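In what follows, a single structure is set out as structure tokens and then discussed.
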Amino acid sequence: MGFWGNWRREGVRQFDSVGASYSVQLTKRNPVVSLAKQGADRGHLRVNLSWRMRSSDVDDFTTRRRRSSTSGGGLLRHPSKLFRPEMPSPQGQAMVNVDLDLACMYELNSGARGVVQPLGNFLGDINSPPYIKLSGDDRFGSGSGETVYINMDHRDEFKRLLIFVYIYDGTPAFDRTQAIVTLYPSSGPRVEIRLDERAPEARSCAVVMIENIKGEITVRREVKYVYGFQSELDRLYGWGLQWG
């Protein structure tokens with residue numbers, strides 16, 4: 001196994017132990033935290049996206065299923081329903097199929113700009129520019145989710161990094177997935193940003209901006225929803241990339 005495999009296996013375990021007992025939540029009232037001031041602007045910064053269906057949605061869906069099977073229009077009165085495919089109920093909140101992708105637009109002090117994302121297999125590199133690496137594409141919202149690793153030992157080469165999430169496939173439903181983006185620095189508390197605001201038709205969300213401001217690395221909550229994809233976020237923040 002190469003260096004990247006060993007680093008990933010051992011490094012993730014190390015990150016999991018750092019700041020595991022407490023966290024800082026970035027909110028509208030408290031949107032900014034400095035990594036430099038807590039000595040966390042070195043080593044590897046792990047940015048994780050995790051999501052799952054809200055339990056209330058699952059409970060509502062299960063309840064409707066039970067009611068439909070025990071009502072007067074059940075199988076005993078209409079035995080033909082046994083051979084008929086069940087149609088989803090249009091009432092209330094039903095289960096949704098959502099595939100969230102974690103990505104990062106970067107701008108280096110050298111002027112280089114680009115994106116690290118699952119689409120197009122732009123997975124980046126942790127030891128060479130842009131010093132950002134995507135772990136892979138999680139299509140099912142598993143416990144590990146998706147992770148971007150940022151090599152903060154090269155922080156002086158960063159100008160700004162925009163962490164964003166987009167729904168490539170499935171229903172636009174950010175507010176129903178309990179999505180959380182968590183930053184695990186090399187020291188100090190983890191930083192959480194929750195994507196729980198109502199944006200029924202939004203396809204993408206700019207989550208957090210990591211900036212190098214006069215040598216100080218700061219993390220600023222964005223949580224700005226757009227109805228398009230990467231190109232719309234690009235226009236919003238003036239990145240100037242060409243999108244296919």
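By convention in this document, the chains of the structure tokens carry letters A, B, ... by their order, each chain's residues are numbered from 1, and ligands are numbered from 1 in the order they are shown.
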Can you tell me, as an MDAnalysis selection string, what residues are no more than 12 Å from segment 215-220 of chain A when counting only C-alpha atoms, ignoring any on the same chain fewer than 3 positions away? chainID A and resid 24:42 45 47 109 152:163 182:185 190:193 206:212 223:224
What does the structure give for the distance between atom CA of Ile126 of chain A and atom CA of Thr177 of chain A, in Å to one decimal?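 According to the coordinates, atom CA of Ile126 of chain A and atom CA of Thr177 of chain A are separated by 29.4 Å.
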List the spatial neighbours of Asn121 of chain A as a VMD selection string - criterion: any atom at most 12 Å away, only C-alpha atoms, same-chain residues fewer than 4 positions off excluded. chain A and resid 103 115 to 117 125 133 to 137
Written selection (N, CA, C and O atoms) as a PDB file, in the first residue's frame:
```pdb
ATOM      1  N   ALA A 103     -17.794  19.127  -2.544  1.00  0.00           N
ATOM      2  CA  ALA A 103     -16.808  19.617  -3.493  1.00  0.00           C
ATOM      3  C   ALA A 103     -16.124  20.864  -2.950  1.00  0.00           C
ATOM      4  O   ALA A 103     -16.544  21.429  -1.936  1.00  0.00           O
ATOM      5  N   VAL A 115     -11.373  23.108  -9.326  1.00  0.00           N
ATOM      6  CA  VAL A 115     -12.376  22.481  -8.479  1.00  0.00           C
ATOM      7  C   VAL A 115     -11.966  21.051  -8.185  1.00  0.00           C
ATOM      8  O   VAL A 115     -11.337  20.384  -9.009  1.00  0.00           O
ATOM      9  N   VAL A 116     -12.287  20.608  -6.985  1.00  0.00           N
ATOM     10  CA  VAL A 116     -12.142  19.203  -6.594  1.00  0.00           C
ATOM     11  C   VAL A 116     -13.552  18.703  -6.351  1.00  0.00           C
ATOM     12  O   VAL A 116     -14.264  19.236  -5.487  1.00  0.00           O
ATOM     13  N   GLN A 117     -13.986  17.686  -7.119  1.00  0.00           N
ATOM     14  CA  GLN A 117     -15.365  17.213  -7.025  1.00  0.00           C
ATOM     15  C   GLN A 117     -15.470  15.806  -7.601  1.00  0.00           C
ATOM     16  O   GLN A 117     -14.631  15.383  -8.409  1.00  0.00           O
ATOM     17  N   ASP A 125      -5.139  16.354  -5.248  1.00  0.00           N
ATOM     18  CA  ASP A 125      -3.887  15.763  -4.769  1.00  0.00           C
ATOM     19  C   ASP A 125      -3.538  16.406  -3.433  1.00  0.00           C
ATOM     20  O   ASP A 125      -3.644  17.622  -3.289  1.00  0.00           O
ATOM     21  N   LYS A 133      -7.626  16.894  -1.451  1.00  0.00           N
ATOM     22  CA  LYS A 133      -7.925  15.548  -1.944  1.00  0.00           C
ATOM     23  C   LYS A 133      -9.321  15.127  -1.509  1.00  0.00           C
ATOM     24  O   LYS A 133      -9.686  15.248  -0.338  1.00  0.00           O
ATOM     25  N   LEU A 134     -10.116  14.649  -2.468  1.00  0.00           N
ATOM     26  CA  LEU A 134     -11.450  14.122  -2.182  1.00  0.00           C
ATOM     27  C   LEU A 134     -11.366  12.616  -2.014  1.00  0.00           C
ATOM     28  O   LEU A 134     -10.748  11.921  -2.834  1.00  0.00           O
ATOM     29  N   SER A 135     -11.997  12.112  -0.958  1.00  0.00           N
ATOM     30  CA  SER A 135     -11.903  10.686  -0.652  1.00  0.00           C
ATOM     31  C   SER A 135     -12.641   9.832  -1.658  1.00  0.00           C
ATOM     32  O   SER A 135     -12.274   8.693  -1.911  1.00  0.00           O
ATOM     33  N   GLY A 136     -13.727  10.334  -2.251  1.00  0.00           N
ATOM     34  CA  GLY A 136     -14.522   9.546  -3.184  1.00  0.00           C
ATOM     35  C   GLY A 136     -15.955  10.026  -3.181  1.00  0.00           C
ATOM     36  O   GLY A 136     -16.285  11.059  -2.595  1.00  0.00           O
ATOM     37  N   ASP A 137     -16.830   9.263  -3.828  1.00  0.00           N
ATOM     38  CA  ASP A 137     -18.231   9.635  -3.988  1.00  0.00           C
ATOM     39  C   ASP A 137     -19.101   8.678  -3.195  1.00  0.00           C
ATOM     40  O   ASP A 137     -19.171   7.493  -3.505  1.00  0.00           O
TER      41      ASP A 137
END
```
Give the strand (DSSP E or B) residues of segment 110-242 of chain A, as DSSP finds them on the backbone, and put them as an MDAnalysis selection string. chainID A and resid 113:117 122 124:125 132:134 146:151 158:170 179:184 190:195 204:213 216:226
Write a file of the selected residues as a PDB file, in the first residue's frame, keeping C-alpha atoms.
```
ATOM      1  CA  ARG A 113      -8.009  28.065  -9.871  1.00  0.00           C
ATOM      2  CA  GLY A 114     -10.008  24.897 -10.152  1.00  0.00           C
ATOM      3  CA  VAL A 115     -12.376  22.481  -8.479  1.00  0.00           C
ATOM      4  CA  VAL A 116     -12.142  19.203  -6.594  1.00  0.00           C
ATOM      5  CA  GLN A 117     -15.365  17.213  -7.025  1.00  0.00           C
ATOM      6  CA  PHE A 122     -11.482  15.689 -10.250  1.00  0.00           C
ATOM      7  CA  GLY A 124      -7.211  16.470  -6.454  1.00  0.00           C
ATOM      8  CA  ASP A 125      -3.887  15.763  -4.769  1.00  0.00           C
ATOM      9  CA  ILE A 132      -6.712  19.131  -1.608  1.00  0.00           C
ATOM     10  CA  LYS A 133      -7.925  15.548  -1.944  1.00  0.00           C
ATOM     11  CA  LEU A 134     -11.450  14.122  -2.182  1.00  0.00           C
ATOM     12  CA  GLU A 146     -17.798  12.155   1.822  1.00  0.00           C
ATOM     13  CA  THR A 147     -14.546  13.766   2.902  1.00  0.00           C
ATOM     14  CA  VAL A 148     -12.208  16.419   1.530  1.00  0.00           C
ATOM     15  CA  TYR A 149      -8.677  16.534   2.976  1.00  0.00           C
ATOM     16  CA  ILE A 150      -6.801  19.845   2.924  1.00  0.00           C
ATOM     17  CA  ASN A 151      -3.038  19.986   3.515  1.00  0.00           C
ATOM     18  CA  PHE A 158      -4.063  29.130  -0.394  1.00  0.00           C
ATOM     19  CA  LYS A 159      -5.995  32.287  -1.177  1.00  0.00           C
ATOM     20  CA  ARG A 160      -9.543  31.005  -0.743  1.00  0.00           C
ATOM     21  CA  LEU A 161     -11.333  27.674  -0.717  1.00  0.00           C
ATOM     22  CA  LEU A 162     -15.105  27.367  -1.127  1.00  0.00           C
ATOM     23  CA  ILE A 163     -16.604  24.182   0.282  1.00  0.00           C
ATOM     24  CA  PHE A 164     -19.942  23.487  -1.378  1.00  0.00           C
ATOM     25  CA  VAL A 165     -22.527  20.723  -1.704  1.00  0.00           C
ATOM     26  CA  TYR A 166     -24.706  19.931  -4.676  1.00  0.00           C
ATOM     27  CA  ILE A 167     -27.527  17.484  -5.403  1.00  0.00           C
ATOM     28  CA  TYR A 168     -26.433  15.829  -8.620  1.00  0.00           C
ATOM     29  CA  ASP A 169     -29.211  13.262  -8.651  1.00  0.00           C
ATOM     30  CA  GLY A 170     -32.518  12.918  -6.814  1.00  0.00           C
ATOM     31  CA  ALA A 179     -26.949  17.355   6.121  1.00  0.00           C
ATOM     32  CA  ILE A 180     -23.980  18.490   8.196  1.00  0.00           C
ATOM     33  CA  VAL A 181     -20.580  19.671   7.017  1.00  0.00           C
ATOM     34  CA  THR A 182     -17.978  19.176   9.754  1.00  0.00           C
ATOM     35  CA  LEU A 183     -14.407  20.438   9.782  1.00  0.00           C
ATOM     36  CA  TYR A 184     -11.919  18.420  11.826  1.00  0.00           C
ATOM     37  CA  ARG A 190     -14.440  20.427  15.316  1.00  0.00           C
ATOM     38  CA  VAL A 191     -16.481  23.013  13.420  1.00  0.00           C
ATOM     39  CA  GLU A 192     -20.051  22.191  12.313  1.00  0.00           C
ATOM     40  CA  ILE A 193     -22.268  23.843   9.711  1.00  0.00           C
ATOM     41  CA  ARG A 194     -25.818  22.511   9.384  1.00  0.00           C
ATOM     42  CA  LEU A 195     -27.745  22.695   6.113  1.00  0.00           C
ATOM     43  CA  SER A 204     -26.455  23.593  -4.699  1.00  0.00           C
ATOM     44  CA  CYS A 205     -25.280  25.247  -1.513  1.00  0.00           C
ATOM     45  CA  ALA A 206     -22.133  27.236  -0.789  1.00  0.00           C
ATOM     46  CA  VAL A 207     -21.377  26.021   2.735  1.00  0.00           C
ATOM     47  CA  VAL A 208     -18.170  27.556   4.042  1.00  0.00           C
ATOM     48  CA  MET A 209     -15.332  29.762   2.837  1.00  0.00           C
ATOM     49  CA  ILE A 210     -11.788  29.111   4.038  1.00  0.00           C
ATOM     50  CA  GLU A 211      -9.625  32.177   3.444  1.00  0.00           C
ATOM     51  CA  ASN A 212      -6.055  33.253   3.973  1.00  0.00           C
ATOM     52  CA  ILE A 213      -6.369  36.832   5.215  1.00  0.00           C
ATOM     53  CA  GLU A 216      -4.452  34.084   9.082  1.00  0.00           C
ATOM     54  CA  ILE A 217      -6.661  31.154   8.055  1.00  0.00           C
ATOM     55  CA  THR A 218     -10.307  31.841   8.815  1.00  0.00           C
ATOM     56  CA  VAL A 219     -13.446  29.753   8.300  1.00  0.00           C
ATOM     57  CA  ARG A 220     -16.625  31.642   7.453  1.00  0.00           C
ATOM     58  CA  ARG A 221     -20.125  30.207   7.238  1.00  0.00           C
ATOM     59  CA  GLU A 222     -21.860  30.918   3.927  1.00  0.00           C
ATOM     60  CA  VAL A 223     -24.894  28.583   3.574  1.00  0.00           C
ATOM     61  CA  LYS A 224     -26.103  30.230   0.368  1.00  0.00           C
ATOM     62  CA  TYR A 225     -28.476  28.133  -1.728  1.00  0.00           C
ATOM     63  CA  VAL A 226     -28.743  28.419  -5.505  1.00  0.00           C
TER      64      VAL A 226
END
```
